[in-house]
Structure formats: structure tokens, C-alpha cells
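The file entry29.txt contains compact mmCIF, C-alpha atoms:
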# COMPACT_ATOMS: atom_id res chain seq x y z
CA MET U 100 -13.97 -29.04 2.40
CA ASP U 101 -17.43 -28.61 3.87
CA LYS U 102 -19.56 -25.55 4.42
CA SER U 103 -18.67 -24.83 8.04
CA GLN U 104 -14.96 -24.83 7.33
CA LEU U 105 -15.49 -22.40 4.48
CA ILE U 106 -17.45 -20.08 6.75
CA MET U 107 -14.65 -20.23 9.34
CA LEU U 108 -12.24 -19.13 6.62
CA LEU U 109 -14.43 -16.35 5.34
CA LEU U 110 -15.27 -15.00 8.79
CA PRO U 111 -12.04 -12.97 9.26
CA VAL U 112 -12.46 -11.38 5.83
CA ILE U 113 -16.01 -10.31 6.63
CA MET U 114 -14.97 -9.03 10.04
CA ILE U 115 -12.20 -6.85 8.63
CA GLN U 116 -14.61 -5.54 6.08
CA ILE U 117 -17.09 -4.61 8.82
CA ILE U 118 -14.36 -2.98 10.94
CA LEU U 119 -13.27 -0.89 7.97
CA MET U 120 -16.84 0.15 7.23
CA VAL U 121 -17.62 1.06 10.84
CA THR U 122 -14.41 3.12 11.15
CA ALA U 123 -15.21 5.00 7.98
CA LEU U 124 -18.76 5.69 9.14
CA THR U 125 -17.55 6.92 12.56
CA TYR U 126 -15.10 9.31 10.94
CA LEU U 127 -17.88 10.46 8.62
CA TYR U 128 -20.25 11.06 11.53
CA ARG U 129 -17.65 12.98 13.53
CA ALA U 130 -16.38 15.12 10.65
CA LYS U 131 -17.53 18.74 10.71
CA SER U 132 -17.60 18.99 6.95
CA VAL U 133 -16.78 16.63 4.12
CA ARG U 134 -16.32 17.09 0.41
CA GLY U 135 -19.84 16.68 -0.96
CA LYS U 136 -22.88 15.58 0.99
CA LYS U 137 -22.65 13.37 4.04
CA TRP U 138 -25.49 11.02 3.15
CA ILE U 139 -23.96 10.28 -0.26
CA TRP U 140 -20.70 9.30 1.44
CA ALA U 141 -22.66 7.05 3.81
CA LEU U 142 -24.20 5.24 0.83
CA VAL U 143 -20.81 4.97 -0.90
CA ILE U 144 -19.17 3.49 2.21
CA VAL U 145 -21.95 0.98 2.84
CA PHE U 146 -22.50 -0.21 -0.72
CA LEU U 147 -19.03 -0.08 -2.26
CA ASN U 148 -17.46 -1.94 0.67
CA ILE U 149 -13.69 -1.71 0.68
CA VAL U 150 -13.41 0.65 -2.29
CA GLY U 151 -15.94 3.05 -0.81
CA SER U 152 -14.09 3.26 2.49
CA ILE U 153 -10.75 3.83 0.77
CA LEU U 154 -12.27 6.57 -1.38
CA PHE U 155 -13.75 8.25 1.67
CA PHE U 156 -10.50 8.21 3.63
CA ALA U 157 -8.45 9.34 0.65
CA VAL U 158 -10.55 12.11 -0.92
CA GLY U 159 -13.70 12.58 1.14
CA ARG U 160 -12.28 14.25 4.20
CA ARG U 161 -11.33 17.85 4.45
CA GLU U 162 -8.42 18.78 6.63
CA SER U 163 -9.62 20.87 9.52
CA MET N 230 18.36 16.95 13.03
CA ILE N 231 17.06 19.47 15.53
CA GLY N 232 13.61 18.68 16.85
CA PHE N 233 13.44 15.28 15.23
CA ASN N 234 11.93 13.53 18.23
CA ILE N 235 9.21 16.10 18.72
CA LEU N 236 8.31 16.04 15.03
CA LEU N 237 8.25 12.26 15.11
CA HIS N 238 5.80 12.42 17.98
CA LYS N 239 3.61 14.86 16.07
CA GLU N 240 3.57 12.68 12.95
CA TRP N 241 2.70 9.67 15.04
CA ARG N 242 -0.25 11.43 16.65
CA GLU N 243 -1.42 12.62 13.29
CA ALA N 244 -1.27 9.14 11.76
CA LEU N 245 -3.38 7.81 14.63
CA ARG N 246 -5.86 10.66 14.43
CA SER N 247 -6.38 10.57 10.68
CA GLY N 248 -7.22 6.87 10.80
CA LYS N 249 -4.37 5.85 8.50
CA PHE N 250 -3.35 3.29 11.04
CA ILE N 251 -6.70 1.55 10.68
CA TRP N 252 -7.59 1.65 7.05
CA LEU N 253 -4.23 0.99 5.39
CA PRO N 254 -3.59 -2.25 7.33
CA ALA N 255 -7.21 -3.28 6.71
CA VAL N 256 -6.81 -2.81 2.97
CA PHE N 257 -3.62 -4.85 2.82
CA LEU N 258 -5.03 -7.57 5.03
CA LEU N 259 -8.17 -7.89 2.90
CA LEU N 260 -6.09 -8.08 -0.29
CA GLY N 261 -3.81 -10.65 1.28
CA LEU N 262 -6.63 -12.89 2.50
CA ALA N 263 -8.73 -12.62 -0.64
CA GLN N 264 -6.07 -13.85 -3.06
CA PRO N 265 -5.51 -17.37 -1.63
CA LEU N 266 -9.28 -17.77 -1.28
CA THR N 267 -9.93 -16.91 -4.93
CA ALA N 268 -7.03 -19.07 -6.07
CA LYS N 269 -8.43 -22.05 -4.18
CA PHE N 270 -12.07 -21.66 -5.09
CA MET N 271 -11.70 -20.41 -8.67
CA PRO N 272 -13.24 -23.58 -10.21
CA ASP N 273 -16.25 -23.34 -7.88
CA ILE N 274 -16.67 -19.65 -8.58
CA LEU N 275 -16.57 -20.24 -12.35
CA ALA N 276 -19.00 -23.13 -12.06
CA SER N 277 -21.55 -21.11 -10.13
CA ALA N 278 -21.12 -17.74 -11.82
CA GLY N 279 -20.71 -18.47 -15.53
CA ASN N 280 -23.75 -19.79 -17.39
CA LEU N 281 -21.95 -22.76 -18.84
CA PRO N 282 -23.83 -25.59 -20.53
CA GLU N 283 -24.73 -28.64 -18.49
CA GLY N 284 -21.91 -31.12 -18.04
CA THR N 285 -19.00 -28.76 -18.69
CA ILE N 286 -15.91 -29.95 -16.94
CA ILE N 287 -13.60 -27.24 -15.74
CA GLN N 288 -10.09 -28.25 -14.94
CA ILE N 289 -7.92 -25.54 -13.56
CA PRO N 290 -4.85 -26.77 -11.79
CA ILE N 291 -4.64 -25.31 -8.30
CA PRO N 292 -1.55 -23.09 -8.39
CA LYS N 293 1.54 -23.78 -6.31
CA PRO N 294 1.84 -22.05 -2.92
CA GLY N 295 4.63 -19.77 -4.13
CA GLU N 296 2.59 -18.69 -7.14
CA VAL N 297 -0.38 -17.75 -4.98
CA ILE N 298 1.81 -15.54 -2.79
CA ALA N 299 3.29 -13.98 -5.93
CA GLN N 300 -0.25 -13.20 -7.11
CA THR N 301 -0.88 -11.53 -3.77
CA LEU N 302 2.19 -9.38 -4.32
CA SER N 303 0.88 -8.31 -7.70
CA GLN N 304 -2.40 -7.33 -6.00
CA PHE N 305 -0.36 -5.24 -3.55
CA GLY N 306 1.37 -3.75 -6.58
CA THR N 307 -1.87 -2.42 -8.03
CA VAL N 308 -4.54 -1.78 -5.39
CA GLY N 309 -2.08 -1.57 -2.48
CA LEU N 310 0.16 0.89 -4.28
CA LEU N 311 -2.84 3.02 -5.16
CA ALA N 312 -3.91 3.03 -1.50
CA ILE N 313 -0.40 4.06 -0.39
CA CYS N 314 -0.23 6.88 -2.91
CA LEU N 315 -3.70 8.13 -1.97
CA ALA N 316 -2.89 7.97 1.73
CA PHE N 317 0.36 9.93 1.49
CA MET N 318 -0.23 12.22 -1.47
CA GLY N 319 -0.89 15.22 0.74
CA THR N 320 1.94 14.63 3.22
CA ILE N 321 3.63 17.97 2.70
CA SER N 322 1.39 19.88 0.30
CA ALA N 323 -1.69 19.61 2.55
CA GLU N 324 0.28 20.85 5.55
CA ARG N 325 1.53 23.70 3.45
CA ARG N 326 -1.99 24.66 2.40
CA ASN N 327 -3.55 24.61 5.85
CA GLY N 328 -0.61 26.42 7.40
CA THR N 329 0.78 23.66 9.60
CA ALA N 330 4.05 23.60 7.67
CA ALA N 331 4.59 27.33 8.03
CA TRP N 332 3.78 27.10 11.71
CA VAL N 333 6.19 24.22 12.29
CA LEU N 334 9.00 25.67 10.24
CA VAL N 335 9.21 29.02 12.01
CA LYS N 336 10.38 27.02 15.00
CA PRO N 337 14.05 26.10 15.17
CA VAL N 338 13.79 22.73 13.47
CA SER N 339 15.86 21.58 10.56
CA LEU N 340 14.05 20.96 7.29
CA PHE N 341 15.66 17.57 7.04
CA ALA N 342 14.23 16.54 10.41
CA TYR N 343 10.80 17.64 9.20
CA VAL N 344 10.99 15.43 6.10
CA ALA N 345 12.71 12.56 7.90
CA SER N 346 10.08 12.39 10.64
CA LYS N 347 7.38 12.01 7.99
CA TRP N 348 9.42 9.38 6.17
CA VAL N 349 10.01 7.29 9.27
CA VAL N 350 6.36 7.25 10.33
CA GLN N 351 5.14 6.46 6.81
CA CYS N 352 7.61 3.65 6.37
CA PHE N 353 6.45 2.25 9.67
CA ILE N 354 2.78 2.38 8.66
CA VAL N 355 3.52 0.82 5.28
CA GLY N 356 5.71 -1.85 6.86
CA PHE N 357 3.04 -2.68 9.41
CA SER N 358 0.29 -2.89 6.77
CA PHE N 359 2.41 -4.90 4.36
CA GLY N 360 3.57 -7.25 7.10
CA LEU N 361 0.01 -7.86 8.22
CA GLY N 362 -1.28 -8.42 4.70
CA PHE N 363 1.62 -10.61 3.67
CA GLY N 364 1.40 -12.61 6.88
CA GLY N 365 -2.31 -13.13 6.28
CA ALA N 366 -1.63 -14.29 2.73
CA TRP N 367 1.05 -16.65 3.97
CA TYR N 368 -1.24 -18.14 6.62
CA TYR N 369 -4.19 -18.62 4.28
CA THR N 370 -1.97 -20.10 1.58
CA TYR N 371 -0.61 -22.49 4.16
CA LEU N 372 -4.12 -23.52 5.22
CA LEU N 373 -5.72 -23.73 1.78
CA ILE N 374 -3.03 -24.69 -0.67
CA GLY N 375 0.09 -25.90 1.03
CA PRO N 376 3.26 -24.82 2.80
CA PRO N 377 5.33 -22.42 0.70
CA ASP N 378 9.11 -22.27 0.87
CA THR N 379 9.80 -20.25 4.01
CA GLN N 380 13.12 -18.83 2.87
CA ALA N 381 11.71 -17.64 -0.46
CA VAL N 382 8.76 -16.01 1.28
CA LEU N 383 10.98 -14.12 3.73
CA ILE N 384 13.42 -12.93 1.06
CA SER N 385 10.61 -11.76 -1.19
CA ALA N 386 8.94 -9.95 1.72
CA ILE N 387 12.11 -7.96 2.40
CA LEU N 388 12.60 -7.15 -1.28
CA TYR N 389 9.02 -6.08 -1.74
CA PHE N 390 9.08 -3.92 1.38
CA CYS N 391 12.08 -2.06 -0.03
CA TRP N 392 10.14 -1.42 -3.23
CA LEU N 393 7.14 -0.07 -1.28
CA MET N 394 9.48 2.12 0.76
CA PHE N 395 10.86 3.56 -2.46
CA ILE N 396 7.36 4.43 -3.72
CA CYS N 397 6.63 6.06 -0.35
CA THR N 398 9.69 8.26 -0.71
CA VAL N 399 8.68 9.24 -4.25
CA THR N 400 5.25 10.26 -2.93
CA ILE N 401 6.78 12.47 -0.22
CA THR N 402 9.11 14.14 -2.70
CA ALA N 403 6.29 14.74 -5.16
CA SER N 404 4.15 16.29 -2.45
CA ALA N 405 7.02 18.57 -1.43
CA TRP N 406 7.29 19.99 -4.95
CA LEU N 407 3.72 19.96 -6.24
CA ARG N 408 0.85 21.98 -4.85
CA SER N 409 -1.91 19.58 -5.73
CA PRO N 410 -2.10 16.25 -3.87
CA ALA N 411 -3.70 14.58 -6.89
CA ALA N 412 -0.69 15.49 -9.01
CA ALA N 413 1.63 14.02 -6.37
CA ALA N 414 -0.30 10.75 -6.35
CA PHE N 415 -0.19 10.71 -10.14
CA VAL N 416 3.57 11.28 -10.24
CA ALA N 417 4.20 8.50 -7.72
CA LEU N 418 1.98 5.97 -9.47
CA GLY N 419 3.27 7.04 -12.87
CA SER N 420 6.91 6.67 -11.89
CA SER N 421 6.28 3.19 -10.50
CA THR N 422 4.58 2.19 -13.77
CA VAL N 423 7.34 3.69 -15.89
CA LEU N 424 10.03 1.93 -13.84
CA GLN N 425 8.27 -1.41 -14.22
CA LEU N 426 7.77 -0.83 -17.94
CA LEU N 427 11.45 0.03 -18.44
CA LEU N 428 12.46 -3.10 -16.58
CA GLY N 429 10.14 -5.18 -18.73
CA LEU N 430 11.63 -3.75 -21.92
CA PHE N 431 15.32 -4.00 -21.06
CA GLU N 432 15.36 -6.78 -18.52
CA ASP N 433 18.96 -7.85 -18.98
CA LYS N 434 20.45 -4.35 -18.87
CA LEU N 435 18.36 -2.51 -16.31
CA SER N 436 17.92 -5.07 -13.56
CA TRP N 437 19.51 -2.61 -11.13
CA LEU N 438 16.47 -0.30 -11.23
CA PRO N 439 14.38 -0.11 -8.03
CA SER N 440 11.62 -1.98 -9.86
CA GLY N 441 14.08 -4.86 -10.09
CA LEU N 442 13.24 -5.50 -6.42
CA ASN N 443 9.63 -6.08 -7.34
CA ALA N 444 10.58 -8.45 -10.18
CA ALA N 445 13.11 -10.28 -7.97
CA ALA N 446 10.50 -10.80 -5.24
CA MET N 447 8.09 -12.30 -7.77
CA SER N 448 10.58 -14.65 -9.38
CA THR N 449 11.92 -15.77 -6.01
CA LEU N 450 8.41 -16.96 -5.20
CA THR N 451 7.44 -18.47 -8.54
CA ILE N 452 10.69 -19.98 -9.82
CA GLY N 453 12.45 -20.39 -6.53
CA GLU N 454 15.65 -18.73 -7.57
CA SER N 455 16.22 -15.02 -7.44
CA PRO N 456 18.08 -12.92 -9.94
CA PRO N 457 20.85 -10.79 -8.41
CA TRP N 458 19.14 -8.09 -6.37
CA VAL N 459 22.01 -6.62 -4.37
CA GLY N 460 22.53 -3.96 -7.06
CA SER N 461 18.86 -3.01 -6.97
CA ILE N 462 18.90 -2.63 -3.20
CA PHE N 463 21.99 -0.45 -3.37
CA VAL N 464 20.52 1.74 -6.13
CA THR N 465 17.22 2.01 -4.25
CA ILE N 466 18.96 3.21 -1.09
CA MET N 467 20.86 5.80 -3.11
CA PHE N 468 17.61 6.91 -4.75
CA VAL N 469 15.84 7.20 -1.39
CA ALA N 470 18.64 9.33 0.05
CA ALA N 471 18.71 11.53 -3.05
CA LEU N 472 14.92 11.96 -3.05
CA MET N 473 14.98 13.02 0.61
CA LEU N 474 17.50 15.76 -0.24
CA VAL N 475 15.35 16.78 -3.22
CA SER N 476 12.28 17.11 -0.97
CA VAL N 477 14.26 19.26 1.47
CA ARG N 478 15.12 21.46 -1.51
CA GLY N 479 11.44 21.72 -2.45
CA LEU N 480 10.62 22.79 1.09
CA ARG N 481 13.38 25.38 1.16
CA LYS N 482 12.14 26.86 -2.08
CA MET N 483 8.68 27.20 -0.57
CA LYS N 484 10.07 28.79 2.57
CA GLY N 485 12.38 31.32 0.96
For the file at hand, write its structure as C-alpha cells.
Amino acid sequence: MDKSQLIMLLLPVIMIQIILMVTALTYLYRAKSVRGKKWIWALVIVFLNIVGSILFFAVGRRES
Amino acid sequence: MIGFNILLHKEWREALRSGKFIWLPAVFLLLGLAQPLTAKFMPDILASAGNLPEGTIIQIPIPKPGEVIAQTLSQFGTVGLLAICLAFMGTISAERRNGTAAWVLVKPVSLFAYVASKWVVQCFIVGFSFGLGFGGAWYYTYLLIGPPDTQAVLISAILYFCWLMFICTVTITASAWLRSPAAAAFVALGSSTVLQLLLGLFEDKLSWLPSGLNAAAMSTLTIGESPPWVGSIFVTIMFVAALMLVSVRGLRKMKG
């Protein structure tokens, strides 16, 4: 298996990861208030990848 | 079941708005795609990551297709289950706190319709996410490792979906009785662990437990033959029905 094939296989994974991150960031931007500071959540979502986004959706948001 | 359709519509809108329909499928899909990839490239990963001495030969047999899909299921059983519990821990208790529940329940709707509408939408979300993730795992296993036994894969998918549905119901019930969402998530995760532990301890006697579905799905994939699971399915359905009635009770207690 050569490099290009591997990249083709990894591409969907990376794309889903990016979609998840962008969705989380949009929700963060739109939210009126979140638990804790917004910029910390932004760092968590960007650097912890999938885990960060899950954490944000599960505990970060406050119900309006 | 007065007002069931309207409540269903409300739940649906809420699931779309809160983003559950995006992140839960994404989580399952990522888990499903990652497992065949790691199974295939484990020797390469070890070779590049570990500081092994020069000339070490690593021989790890590439697992069989069925085993890889079973590994994916066990990933769903840990991270996926956690995601489900976190997503649905506040189903009823959060609505109670912010007043939505009180507002909905002064209208002439039956309590059962209120719980059932939540259950239906959640099962749909979980089914969609699981189907996507499992389909992804199936496809990647097919590409990277080899074609798995189609019949075994389909049977195990159905069994595992029933198990996830059971955990969903436990989460709803817990959130109907407990004020804190964290406690509800803890109860749901804890009961799934306890059920699996009990099954592991008394495998021959307690195979009818709902966690028997999980075990049956795994062994269908790895060994190719499934232990009898009809009893488990029956017991799980009974449990789900009973838990729905228990959650209605919890709601009534809160109302009265």
C-alpha cells in the first residue's frame, strides 16, 4: 500500500474531525453564555480534537 | 397517547437545534473508521512510535475481519456509550429545571406520550449514529482487511442496537428520577458496567440479561456462532417497557 492510497483512506477521518470541530466552534460562537470562559472552550475544542468537541457539547453549553 | 405527534415534533426540532444530530453520528463514525485503520497499521505504528533497537522484527498477525468489527463494537461500548449517556443525561431533568416540562405538562398531554416521544427520537438518533459508524467500520474493514461474513455482521448489528436502546432507556429513566444530570449519566453507565460484570461472572446462568446481547454480538463476529439470544431480546423488551412505566411514575411524582 503506497502513500497516496493511505491518504485517500485517512481523508474521510480528517474531514469528519474538521466538521465536528467547526460545528462545535459555531455553536460556541453563537451561544449567549457557556459554562466557564469562551476562549478556554475554543482552545479545548481545537486542541483536544474529538474529545474536546464531545466535552463541549455535553457539559459546556447552558440551556437557554 | 394524547399529543404524541406534537411532542414528537418538538423533540425532533430540539434534537436538530441542540446539535445532537451532528456530533453523535460524527463520534460513532470516527470510532468506526479509526478501529480498522489501527488494526491494519498497528505494526507500522509500533515500528515508528516505540524506540525499539535496530533490527527488531515485529510480527503481529493482522486480525480477521470479524475480529476487527468486534473490536469496533467494544470501542462503541466504551467511548460510544459514554457519548450516549452524556448526550441524553439531561433529557427530563434539564427540562424540569428550566421549566419546559412544567409548561408542557399543564397542557392536556399524557405523561406516557411525553416520555415516549423522547424515547422514539433518542432511539432514532442512536440508531442513525450506530448505523453510520458500524457501516463505516464494515466498509473500511472490507477495504483494508477483507470481507467479513455478511450474515454475522447484520445479526450482530441488530443485537448491539438493542443493547444501545436499552442503555438509552435507562438514561431516560434515571433522568426522570434524579435531579442532577451527572447522576443520571453515572447511573446509566454504572448499570451497564454492572450488567456486563454480572454476565462475566455467571455466564452460563445469566445469559438472559440485556448485556447478553452485547456478548452475543461479539461472539457472533469473532467465533461465528452465536449463543442463544432470543431470551435476552425478550428480557430486554420487558425491561424497556418496565423502565418506561417507571419514568412515567417519576414524572408523576414530580408533578403531584
Using all atoms listed in the file and a distance of at most 10 Å, pull out the residues of chain N that contact chain U, as a compact mmCIF listing (two decimals) with C-alpha atoms, keeping the file's coordinate frame.
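Now in part-v9.txt:
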# COMPACT_ATOMS: atom_id res chain seq x y z
CA ARG N 246 -5.86 10.66 14.43
CA SER N 247 -6.38 10.57 10.68
CA GLY N 248 -7.22 6.87 10.80
CA LYS N 249 -4.37 5.85 8.50
CA ILE N 251 -6.70 1.55 10.68
CA TRP N 252 -7.59 1.65 7.05
CA LEU N 253 -4.23 0.99 5.39
CA PRO N 254 -3.59 -2.25 7.33
CA ALA N 255 -7.21 -3.28 6.71
CA VAL N 256 -6.81 -2.81 2.97
CA LEU N 258 -5.03 -7.57 5.03
CA LEU N 259 -8.17 -7.89 2.90
CA LEU N 260 -6.09 -8.08 -0.29
CA GLY N 261 -3.81 -10.65 1.28
CA LEU N 262 -6.63 -12.89 2.50
CA ALA N 263 -8.73 -12.62 -0.64
CA LEU N 266 -9.28 -17.77 -1.28
CA VAL N 308 -4.54 -1.78 -5.39
CA LEU N 311 -2.84 3.02 -5.16
CA ALA N 312 -3.91 3.03 -1.50
CA ILE N 313 -0.40 4.06 -0.39
CA CYS N 314 -0.23 6.88 -2.91
CA LEU N 315 -3.70 8.13 -1.97
CA ALA N 316 -2.89 7.97 1.73
CA PHE N 317 0.36 9.93 1.49
CA MET N 318 -0.23 12.22 -1.47
CA GLY N 319 -0.89 15.22 0.74
CA ALA N 323 -1.69 19.61 2.55
CA GLU N 324 0.28 20.85 5.55
CA ARG N 326 -1.99 24.66 2.40
CA ASN N 327 -3.55 24.61 5.85
CA TYR N 369 -4.19 -18.62 4.28
CA LEU N 372 -4.12 -23.52 5.22
CA LEU N 373 -5.72 -23.73 1.78
CA PRO N 410 -2.10 16.25 -3.87
CA ALA N 411 -3.70 14.58 -6.89
>> Show me, as a ChimeraX atom specification, the residues that have an atom within 7 Å of Ser339 in chain N when counting only C-alpha atoms, minus same-chain residues fewer than 3 positions from it.
In response: /N:230-231,342-343
Output file for the selection above: C-alpha atoms, as a PDB file, in the frame of the given file:
ATOM      1  CA  MET N 230      18.360  16.950  13.030  1.00  0.00           C
ATOM      2  CA  ILE N 231      17.060  19.470  15.530  1.00  0.00           C
ATOM      3  CA  ALA N 342      14.230  16.540  10.410  1.00  0.00           C
ATOM      4  CA  TYR N 343      10.800  17.640   9.200  1.00  0.00           C
TER       5      TYR N 343
END
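With distances restricted to all atoms listed in the file, N:Ser440 is the closest residue to Phe395 in chain N from N:Tyr368, N:Asp433, N:Leu361, N:Ser440.
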>> Residues within 6 Å of (-17.8, 4.6, 1.5), file coordinates, counting only C-alpha atoms: what are they? Give the list as number ranges by chain.
In response: U: 140-141, 143-145, 151-152, 155
>> So the first atom is CA of Pro457 in chain N and the second is CA of Phe359 in chain N; what is the distance between them in Å, to one decimal place?
In response: 23.2 Å
>> I'd like to know which of N:Ala299, N:Ile321, N:Val349, N:Ile287 is closest to Ile452 in chain N, using all atoms listed in the file.
In response: N:Ala299
>> Show me, as a count of residues only, the residues that have an atom within 12 Å of Leu428 in chain N when counting all atoms listed in the file, minus same-chain residues fewer than 2 positions from it.
In response: 23
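With all atoms listed in the file as the atoms that count, the residue of N:Cys391, N:Ile289, N:Ile374, N:Val399 with the shortest distance to Ala417 in chain N is N:Val399.
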